[in-house]
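File shown: model-v8.txt. Contents: compact mmCIF, C-alpha atoms.
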# COMPACT_ATOMS: atom_id res chain seq x y z
CA ASP A 1 45.75 104.21 -29.61
CA ALA A 2 48.26 105.27 -32.26
CA GLY A 3 46.75 107.63 -34.80
CA ILE A 4 46.59 105.40 -37.86
CA THR A 5 43.80 105.37 -40.39
CA GLN A 6 43.41 103.27 -43.51
CA SER A 7 41.21 103.96 -46.50
CA PRO A 8 39.12 102.51 -47.85
CA ARG A 9 38.11 100.04 -45.15
CA HIS A 10 36.43 97.75 -47.67
CA LYS A 11 36.81 97.44 -51.42
CA VAL A 12 35.58 95.08 -54.08
CA THR A 13 37.29 95.29 -57.44
CA GLU A 14 37.62 93.29 -60.63
CA THR A 15 40.64 91.35 -61.80
CA GLY A 16 43.00 93.51 -63.83
CA THR A 17 42.00 96.85 -62.33
CA PRO A 18 44.45 99.06 -60.44
CA VAL A 19 43.86 99.58 -56.73
CA THR A 20 45.49 101.99 -54.28
CA LEU A 21 45.21 101.66 -50.51
CA ARG A 22 46.13 104.55 -48.27
CA CYS A 23 47.63 104.60 -44.80
CA HIS A 24 47.70 107.88 -42.89
CA GLN A 25 49.40 108.48 -39.54
CA THR A 26 49.36 111.43 -37.17
CA GLU A 27 52.24 110.17 -34.97
CA ASN A 28 55.13 111.42 -37.14
CA HIS A 29 56.72 107.96 -36.97
CA ARG A 30 59.57 107.26 -39.35
CA TYR A 31 58.78 103.63 -40.19
CA MET A 32 55.66 102.47 -41.98
CA TYR A 33 54.75 98.95 -43.11
CA TRP A 34 52.21 97.16 -45.26
CA TYR A 35 51.14 93.62 -44.35
CA ARG A 36 48.61 91.21 -45.70
CA GLN A 37 46.78 88.74 -43.48
CA ASP A 38 45.44 85.48 -44.83
CA PRO A 39 44.10 82.38 -43.07
CA GLY A 40 46.88 79.89 -42.50
CA HIS A 41 49.61 82.41 -43.28
CA GLY A 42 49.33 84.98 -40.53
CA LEU A 43 50.77 88.43 -41.17
CA ARG A 44 53.22 88.77 -44.03
CA LEU A 45 55.23 91.88 -44.84
CA ILE A 46 54.69 93.34 -48.32
CA HIS A 47 56.77 96.53 -48.28
CA TYR A 48 58.05 98.95 -45.73
CA SER A 49 59.35 102.51 -45.59
CA TYR A 50 62.10 103.94 -43.42
CA GLY A 51 61.58 107.54 -44.46
CA VAL A 52 60.13 109.79 -47.12
CA LYS A 53 60.90 108.25 -50.53
CA ASP A 54 62.80 105.39 -48.82
CA THR A 55 61.14 102.02 -49.26
CA ASP A 56 62.14 98.39 -49.40
CA LYS A 57 60.58 95.03 -50.22
CA GLY A 58 59.19 92.54 -47.78
CA GLU A 59 58.66 88.82 -48.19
CA VAL A 60 55.59 89.02 -50.50
CA SER A 61 56.22 92.12 -52.61
CA ASP A 62 55.49 90.71 -56.09
CA GLY A 63 52.51 92.49 -57.68
CA TYR A 64 52.67 95.41 -55.26
CA SER A 65 54.32 98.82 -55.29
CA VAL A 66 54.46 101.54 -52.65
CA SER A 67 55.13 105.23 -52.40
CA ARG A 68 55.78 107.62 -49.56
CA SER A 69 55.95 111.27 -50.53
CA LYS A 70 55.10 112.58 -47.06
CA THR A 71 55.91 111.32 -43.58
CA GLU A 72 52.26 110.79 -42.78
CA ASP A 73 51.14 108.88 -45.88
CA PHE A 74 52.13 105.45 -47.22
CA LEU A 75 50.35 104.18 -50.32
CA LEU A 76 50.09 100.57 -51.48
CA THR A 77 49.25 100.01 -55.15
CA LEU A 78 48.17 96.87 -56.91
CA GLU A 79 48.87 97.74 -60.54
CA SER A 80 46.64 94.97 -61.90
CA ALA A 81 44.71 93.20 -59.18
CA THR A 82 44.46 89.40 -59.18
CA SER A 83 42.21 87.09 -57.18
CA SER A 84 45.23 85.92 -55.17
CA GLN A 85 45.47 89.45 -53.79
CA THR A 86 42.10 89.11 -52.05
CA SER A 87 43.11 89.64 -48.44
CA VAL A 88 42.98 91.93 -45.44
CA TYR A 89 45.69 94.59 -45.64
CA PHE A 90 47.15 96.21 -42.54
CA CYS A 91 49.34 99.24 -42.25
CA ALA A 92 51.66 99.57 -39.26
CA ILE A 93 53.96 102.27 -37.92
CA SER A 94 56.87 102.42 -35.53
CA PRO A 95 59.04 105.28 -34.27
CA ALA A 96 62.29 103.43 -34.82
CA GLN A 97 63.53 99.97 -35.57
CA THR A 98 62.48 98.88 -32.10
CA TYR A 99 59.78 96.79 -33.70
CA GLU A 100 57.03 97.98 -31.42
CA GLN A 101 54.76 98.28 -34.40
CA TYR A 102 51.29 99.77 -34.09
CA PHE A 103 48.65 98.62 -36.53
CA GLY A 104 45.82 100.34 -38.35
CA PRO A 105 42.27 98.97 -38.54
CA GLY A 106 42.80 97.17 -41.87
CA THR A 107 41.35 97.19 -45.37
CA ARG A 108 39.40 94.19 -46.63
CA LEU A 109 40.04 93.83 -50.36
CA THR A 110 38.11 91.42 -52.55
CA VAL A 111 39.21 90.87 -56.14
CA THR A 112 36.52 89.17 -58.24
CA GLY B 1 64.13 78.50 -41.07
CA GLN B 2 62.91 81.50 -39.13
CA GLN B 3 59.46 80.11 -38.47
CA LEU B 4 57.68 80.76 -35.22
CA ASN B 5 55.62 77.86 -33.90
CA GLN B 6 52.75 79.17 -31.82
CA SER B 7 50.64 76.86 -29.70
CA PRO B 8 47.96 75.99 -29.09
CA GLN B 9 46.16 77.00 -32.29
CA SER B 10 42.93 77.47 -30.36
CA MET B 11 41.67 77.35 -26.79
CA PHE B 12 38.19 77.08 -25.32
CA ILE B 13 38.07 78.00 -21.64
CA GLN B 14 35.63 78.98 -18.92
CA GLU B 15 35.54 82.49 -17.53
CA GLY B 16 37.86 82.76 -14.55
CA GLU B 17 40.37 80.18 -15.77
CA ASP B 18 44.02 80.97 -16.39
CA VAL B 19 45.44 80.71 -19.91
CA SER B 20 48.91 79.93 -21.17
CA MET B 21 50.21 80.03 -24.73
CA ASN B 22 53.69 79.99 -26.17
CA CYS B 23 55.90 80.48 -29.18
CA THR B 24 59.00 78.50 -30.01
CA SER B 25 61.58 78.51 -32.74
CA SER B 26 64.86 76.89 -33.68
CA SER B 27 66.27 80.38 -34.27
CA ILE B 28 67.47 82.95 -31.76
CA PHE B 29 65.31 86.04 -31.41
CA ASN B 30 66.36 89.50 -30.26
CA THR B 31 62.93 90.79 -29.25
CA TRP B 32 59.56 89.20 -28.48
CA LEU B 33 56.23 90.96 -28.89
CA TRP B 34 52.72 89.81 -28.04
CA TYR B 35 49.66 91.19 -29.85
CA LYS B 36 45.91 90.68 -29.55
CA GLN B 37 43.55 90.98 -32.50
CA GLU B 38 39.78 91.25 -32.22
CA PRO B 39 37.43 90.59 -35.15
CA GLY B 40 37.50 93.32 -37.77
CA GLU B 41 40.37 95.19 -36.13
CA GLY B 42 44.11 95.42 -36.36
CA PRO B 43 46.49 93.75 -33.90
CA VAL B 44 47.09 95.66 -30.69
CA LEU B 45 50.44 95.47 -28.93
CA LEU B 46 50.14 93.96 -25.44
CA ILE B 47 53.69 93.37 -24.24
CA ALA B 48 57.22 93.87 -25.60
CA LEU B 49 60.23 91.94 -24.27
CA TYR B 50 63.82 92.89 -24.98
CA LYS B 51 66.11 90.75 -22.82
CA ALA B 52 66.52 87.03 -22.30
CA GLY B 53 64.83 86.01 -19.07
CA GLU B 54 62.75 89.19 -18.90
CA LEU B 55 59.35 88.79 -17.27
CA THR B 56 56.84 91.58 -17.88
CA SER B 57 53.27 92.09 -16.75
CA ASN B 58 50.44 94.21 -18.12
CA GLY B 59 47.45 93.86 -15.83
CA ARG B 60 46.34 90.24 -15.91
CA LEU B 61 48.82 89.44 -18.68
CA THR B 62 52.34 88.19 -18.04
CA ALA B 63 54.91 87.36 -20.70
CA GLN B 64 58.45 86.03 -20.55
CA PHE B 65 61.40 86.09 -22.93
CA GLY B 66 62.87 82.59 -22.75
CA ILE B 67 66.38 82.25 -21.41
CA THR B 68 67.52 80.44 -24.57
CA ARG B 69 66.08 83.33 -26.66
CA LYS B 70 64.21 80.75 -28.73
CA ASP B 71 60.86 80.94 -26.99
CA SER B 72 58.35 83.11 -25.18
CA PHE B 73 55.12 82.53 -23.32
CA LEU B 74 52.06 84.60 -22.50
CA ASN B 75 49.83 83.93 -19.51
CA ILE B 76 46.42 85.45 -18.87
CA SER B 77 45.08 85.12 -15.35
CA ALA B 78 41.39 84.98 -14.37
CA SER B 79 40.09 85.21 -17.92
CA ILE B 80 37.04 87.34 -18.73
CA PRO B 81 34.80 87.37 -21.83
CA SER B 82 36.56 90.39 -23.33
CA ASP B 83 39.80 88.39 -23.53
CA VAL B 84 38.33 86.70 -26.60
CA GLY B 85 40.46 87.20 -29.70
CA ILE B 86 43.50 85.96 -31.53
CA TYR B 87 46.83 86.34 -29.79
CA PHE B 88 49.95 86.63 -31.93
CA CYS B 89 53.54 86.35 -30.93
CA ALA B 90 56.17 88.12 -33.00
CA GLY B 91 59.92 88.23 -32.77
CA THR B 92 62.80 90.07 -34.35
CA ILE B 93 65.63 88.13 -35.87
CA THR B 94 68.89 89.22 -37.47
CA SER B 95 68.99 88.18 -41.11
CA GLN B 96 72.10 87.03 -42.96
CA GLY B 97 72.59 90.54 -44.32
CA GLY B 98 72.68 91.95 -40.82
CA SER B 99 69.31 93.69 -40.88
CA GLU B 100 66.55 92.83 -38.45
CA LYS B 101 63.18 91.55 -39.50
CA LEU B 102 59.97 90.86 -37.64
CA VAL B 103 58.45 87.38 -37.86
CA PHE B 104 54.90 86.59 -36.74
CA GLY B 105 53.41 83.42 -35.34
CA LYS B 106 50.10 82.21 -36.79
CA GLY B 107 48.12 83.00 -33.68
CA THR B 108 46.21 81.37 -30.85
CA LYS B 109 42.45 81.82 -31.04
CA LEU B 110 40.98 82.20 -27.55
CA THR B 111 37.32 81.62 -26.75
CA VAL B 112 36.03 82.35 -23.25
CA ASN B 113 32.71 80.87 -22.17
CA PRO B 114 30.83 82.95 -19.58
Structure rendered as structure tokens:
Amino acid sequence: DAGITQSPRHKVTETGTPVTLRCHQTENHRYMYWYRQDPGHGLRLIHYSYGVKDTDKGEVSDGYSVSRSKTEDFLLTLESATSSQTSVYFCAISPAQTYEQYFGPGTRLTVT
Amino acid sequence: GQQLNQSPQSMFIQEGEDVSMNCTSSSIFNTWLWYKQEPGEGPVLLIALYKAGELTSNGRLTAQFGITRKDSFLNISASIPSDVGIYFCAGTITSQGGSEKLVFGKGTKLTVNP
């Protein structure tokens, strides 16, 4: 299994509060991704990174920001959480744009 | 658009039976990937396909990249209880800007009765 961890694994927060999810990898892969998974929608890309300090938006980026200051860490921030952001969030990594992406265990976020 | 249609949505089978699922699209894909996701975990990559017509096996799993590049199938032979999970197809497509993006199907939920 690829060395990917996500923290926290579960979080409950209130509407309007900021939330940061962390993805940590030990594989030294260049590409890192954040997805959300919701019933009926499958996996949808939020943001991705193609190197330290290099990030770009995915298809559902509104309300989210990311940062990557080190190869091994990719942070996803919800500046002001809303109930529509209740979801399971997955981080993924890949060594190149070959699209063999390897996923972390996920973070279940509930916004009340 | 670039939607992937994955079917069936769910399957209920008896242990020992063979399983077949597929993904289709009206768009041409450059790569096909098949993932399995178990409850509470992230998707795990099963098979990656890179060329039209390619047929690849991984144990009891076999997947093919359709010759038209618009479809792919996954077969599981002699199913066992631990095959239970949701199987996702994913494919890479070249966007109008020239970059590639990965598109996921919505999954096939497999239940295996012992």
Practice prompt. Would you list the residues near (52.6, 81.0, -22.4), meaning any protein, DNA or RNA residue with an atom at most 6 Å from that point in file coordinates, counting only C-alpha atoms, as a list in words?
Written response: Ser20, Met21, Asn22, Phe73, Leu74 and Asn75 of chain B
Practice prompt. Report as a list in words the set of chain B residues whose atoms approach chain A to within 8 Å, with distances computed over only C-alpha atoms.
Written response: Leu33, Gly40, Glu41, Gly42, Pro43, Val44, Leu45, Ala48, Thr92, Leu102, Phe104, Gly105, Lys106 and Gly107 of chain B
Centre and edges of the region 88-100 of chain B box, axis-aligned, 6 Å extra per side, as JSON:
{"center_x": 61.3, "center_y": 90.0, "center_z": -37.6, "size_x": 34.7, "size_y": 19.3, "size_z": 25.4}
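Residues with at least one atom no more than 6 Å from (59.9, 98.6, -49.5), using only C-alpha atoms, are A:His47, A:Tyr48, A:Ser49, A:Thr55, A:Asp56, A:Lys57.
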Worksheet item: Taking all atoms listed in the file into account, which of A:Glu27, A:Val52, A:Pro8, A:Ala96 comes nearest Phe74 (chain A)?
Response: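 Smallest separation from Phe74 (chain A) among the options: A:Val52.
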Discussion item. At a cut-off of 8 Å, using all atoms listed in the file, what residues contact Gln85 (chain A)? Leave out same-chain residues fewer than 2 positions from it and give the result as a list in words.
Written reply: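 In the requested form, the answer reads Ala81, Thr82, Ser83, Ser87, Leu109, Thr110 and Val111 of chain A.
Atom pair CA of Trp32 (chain B) / CA of Glu72 (chain A) has a distance of 26.9 Å (rounded to one decimal).
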Worksheet entry | For Leu49 (chain B), the nearest of the candidates B:Ser79, B:Asn113, B:Gln14, B:Thr31, counting all atoms listed in the file |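 Among B:Ser79, B:Asn113, B:Gln14, B:Thr31, it is B:Thr31 that comes nearest to Leu49 (chain B).
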Worksheet item: Between CA of Ser10 (chain B) and CA of Leu110 (chain B), what is the spacing in Å?
Response: 5.8 Å
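Here the question is which of B:Leu55, B:Ile67, B:Lys36, B:Phe12 gets nearest to Pro114 (chain B) using all atoms listed in the file, and that residue is B:Phe12.
We find CA of Gly51 (chain A) and CA of Val66 (chain A) to be spaced 12.4 Å apart.
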Excluding Thr68 (chain B) and any residue of its chain fewer than 4 positions from it, enumerate the residues within 9 Å of it, using only C-alpha atoms, and give them as an mmCIF file with C-alpha atoms, in the coordinates of the input.
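Output below, filename around.cif:
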data_model
loop_
_atom_site.group_PDB
_atom_site.id
_atom_site.type_symbol
_atom_site.label_atom_id
_atom_site.label_comp_id
_atom_site.auth_asym_id
_atom_site.auth_seq_id
_atom_site.Cartn_x
_atom_site.Cartn_y
_atom_site.Cartn_z
ATOM 1 C CA ILE B 28 67.470 82.950 -31.760
ATOM 2 C CA ALA B 52 66.520 87.030 -22.300
ATOM 3 C CA GLY B 53 64.830 86.010 -19.070
#
Worksheet item: Excluding same-chain residues fewer than 3 positions from Thr108 (chain B), what lies within 6 Å of it counting only C-alpha atoms, as JSON, numbers by chain?
Response: {"B": [8, 9, 10, 86, 87]}
Item to complete: Give the answer as one residue: which of A:Thr15, A:His24, A:Ile46, A:Trp34 has the shortest atom-to-atom distance to Ser69 (chain A), using only C-alpha atoms?
Response: A:His24
Can you sort out region 1-20 of chain A so it carries N, CA, C and O atoms, written as a PDB file, keeping the file's coordinate frame?
ATOM      1  N   ASP A   1      45.533 104.848 -28.323  1.00  0.00           N
ATOM      2  CA  ASP A   1      45.750 104.210 -29.610  1.00  0.00           C
ATOM      3  C   ASP A   1      46.552 105.122 -30.543  1.00  0.00           C
ATOM      4  O   ASP A   1      46.365 106.324 -30.553  1.00  0.00           O
ATOM      5  N   ALA A   2      47.502 104.505 -31.291  1.00  0.00           N
ATOM      6  CA  ALA A   2      48.260 105.270 -32.260  1.00  0.00           C
ATOM      7  C   ALA A   2      47.318 105.802 -33.314  1.00  0.00           C
ATOM      8  O   ALA A   2      46.362 105.156 -33.699  1.00  0.00           O
ATOM      9  N   GLY A   3      47.611 107.022 -33.815  1.00  0.00           N
ATOM     10  CA  GLY A   3      46.750 107.630 -34.800  1.00  0.00           C
ATOM     11  C   GLY A   3      47.036 107.108 -36.192  1.00  0.00           C
ATOM     12  O   GLY A   3      47.815 107.701 -36.935  1.00  0.00           O
ATOM     13  N   ILE A   4      46.423 106.000 -36.536  1.00  0.00           N
ATOM     14  CA  ILE A   4      46.590 105.400 -37.860  1.00  0.00           C
ATOM     15  C   ILE A   4      45.229 105.173 -38.461  1.00  0.00           C
ATOM     16  O   ILE A   4      44.367 104.565 -37.825  1.00  0.00           O
ATOM     17  N   THR A   5      45.031 105.654 -39.672  1.00  0.00           N
ATOM     18  CA  THR A   5      43.800 105.370 -40.390  1.00  0.00           C
ATOM     19  C   THR A   5      44.150 104.739 -41.735  1.00  0.00           C
ATOM     20  O   THR A   5      45.225 104.990 -42.297  1.00  0.00           O
ATOM     21  N   GLN A   6      43.239 103.911 -42.202  1.00  0.00           N
ATOM     22  CA  GLN A   6      43.410 103.270 -43.510  1.00  0.00           C
ATOM     23  C   GLN A   6      42.153 103.537 -44.331  1.00  0.00           C
ATOM     24  O   GLN A   6      41.036 103.522 -43.801  1.00  0.00           O
ATOM     25  N   SER A   7      42.353 103.762 -45.621  1.00  0.00           N
ATOM     26  CA  SER A   7      41.210 103.960 -46.500  1.00  0.00           C
ATOM     27  C   SER A   7      41.466 103.331 -47.861  1.00  0.00           C
ATOM     28  O   SER A   7      42.613 103.309 -48.326  1.00  0.00           O
ATOM     29  N   PRO A   8      40.427 102.740 -48.463  1.00  0.00           N
ATOM     30  CA  PRO A   8      39.120 102.510 -47.850  1.00  0.00           C
ATOM     31  C   PRO A   8      39.190 101.383 -46.838  1.00  0.00           C
ATOM     32  O   PRO A   8      40.202 100.702 -46.732  1.00  0.00           O
ATOM     33  N   ARG A   9      38.147 101.164 -46.083  1.00  0.00           N
ATOM     34  CA  ARG A   9      38.110 100.040 -45.150  1.00  0.00           C
ATOM     35  C   ARG A   9      37.674  98.755 -45.854  1.00  0.00           C
ATOM     36  O   ARG A   9      38.047  97.655 -45.433  1.00  0.00           O
ATOM     37  N   HIS A  10      36.878  98.899 -46.892  1.00  0.00           N
ATOM     38  CA  HIS A  10      36.430  97.750 -47.670  1.00  0.00           C
ATOM     39  C   HIS A  10      36.453  98.137 -49.140  1.00  0.00           C
ATOM     40  O   HIS A  10      36.116  99.271 -49.485  1.00  0.00           O
ATOM     41  N   LYS A  11      36.855  97.174 -49.977  1.00  0.00           N
ATOM     42  CA  LYS A  11      36.810  97.440 -51.420  1.00  0.00           C
ATOM     43  C   LYS A  11      36.631  96.137 -52.171  1.00  0.00           C
ATOM     44  O   LYS A  11      37.270  95.133 -51.839  1.00  0.00           O
ATOM     45  N   VAL A  12      35.754  96.197 -53.163  1.00  0.00           N
ATOM     46  CA  VAL A  12      35.580  95.080 -54.080  1.00  0.00           C
ATOM     47  C   VAL A  12      35.966  95.584 -55.463  1.00  0.00           C
ATOM     48  O   VAL A  12      35.486  96.641 -55.893  1.00  0.00           O
ATOM     49  N   THR A  13      36.831  94.864 -56.128  1.00  0.00           N
ATOM     50  CA  THR A  13      37.290  95.290 -57.440  1.00  0.00           C
ATOM     51  C   THR A  13      37.405  94.095 -58.367  1.00  0.00           C
ATOM     52  O   THR A  13      37.351  92.948 -57.920  1.00  0.00           O
ATOM     53  N   GLU A  14      37.534  94.374 -59.646  1.00  0.00           N
ATOM     54  CA  GLU A  14      37.620  93.290 -60.630  1.00  0.00           C
ATOM     55  C   GLU A  14      39.077  92.997 -60.986  1.00  0.00           C
ATOM     56  O   GLU A  14      39.941  93.871 -60.930  1.00  0.00           O
ATOM     57  N   THR A  15      39.308  91.770 -61.355  1.00  0.00           N
ATOM     58  CA  THR A  15      40.640  91.350 -61.800  1.00  0.00           C
ATOM     59  C   THR A  15      41.131  92.269 -62.918  1.00  0.00           C
ATOM     60  O   THR A  15      40.379  92.596 -63.839  1.00  0.00           O
ATOM     61  N   GLY A  16      42.389  92.679 -62.789  1.00  0.00           N
ATOM     62  CA  GLY A  16      43.000  93.510 -63.830  1.00  0.00           C
ATOM     63  C   GLY A  16      42.911  94.987 -63.582  1.00  0.00           C
ATOM     64  O   GLY A  16      43.569  95.772 -64.283  1.00  0.00           O
ATOM     65  N   THR A  17      42.125  95.417 -62.605  1.00  0.00           N
ATOM     66  CA  THR A  17      42.000  96.850 -62.330  1.00  0.00           C
ATOM     67  C   THR A  17      43.072  97.296 -61.335  1.00  0.00           C
ATOM     68  O   THR A  17      43.518  96.509 -60.492  1.00  0.00           O
ATOM     69  N   PRO A  18      43.500  98.544 -61.421  1.00  0.00           N
ATOM     70  CA  PRO A  18      44.450  99.060 -60.440  1.00  0.00           C
ATOM     71  C   PRO A  18      43.737  99.450 -59.149  1.00  0.00           C
ATOM     72  O   PRO A  18      42.589  99.898 -59.179  1.00  0.00           O
ATOM     73  N   VAL A  19      44.429  99.260 -58.039  1.00  0.00           N
ATOM     74  CA  VAL A  19      43.860  99.580 -56.730  1.00  0.00           C
ATOM     75  C   VAL A  19      44.943 100.262 -55.891  1.00  0.00           C
ATOM     76  O   VAL A  19      46.096  99.827 -55.892  1.00  0.00           O
ATOM     77  N   THR A  20      44.565 101.326 -55.198  1.00  0.00           N
ATOM     78  CA  THR A  20      45.490 101.990 -54.280  1.00  0.00           C
ATOM     79  C   THR A  20      44.865 102.065 -52.893  1.00  0.00           C
ATOM     80  O   THR A  20      43.724 102.511 -52.751  1.00  0.00           O
TER      81      THR A  20
END
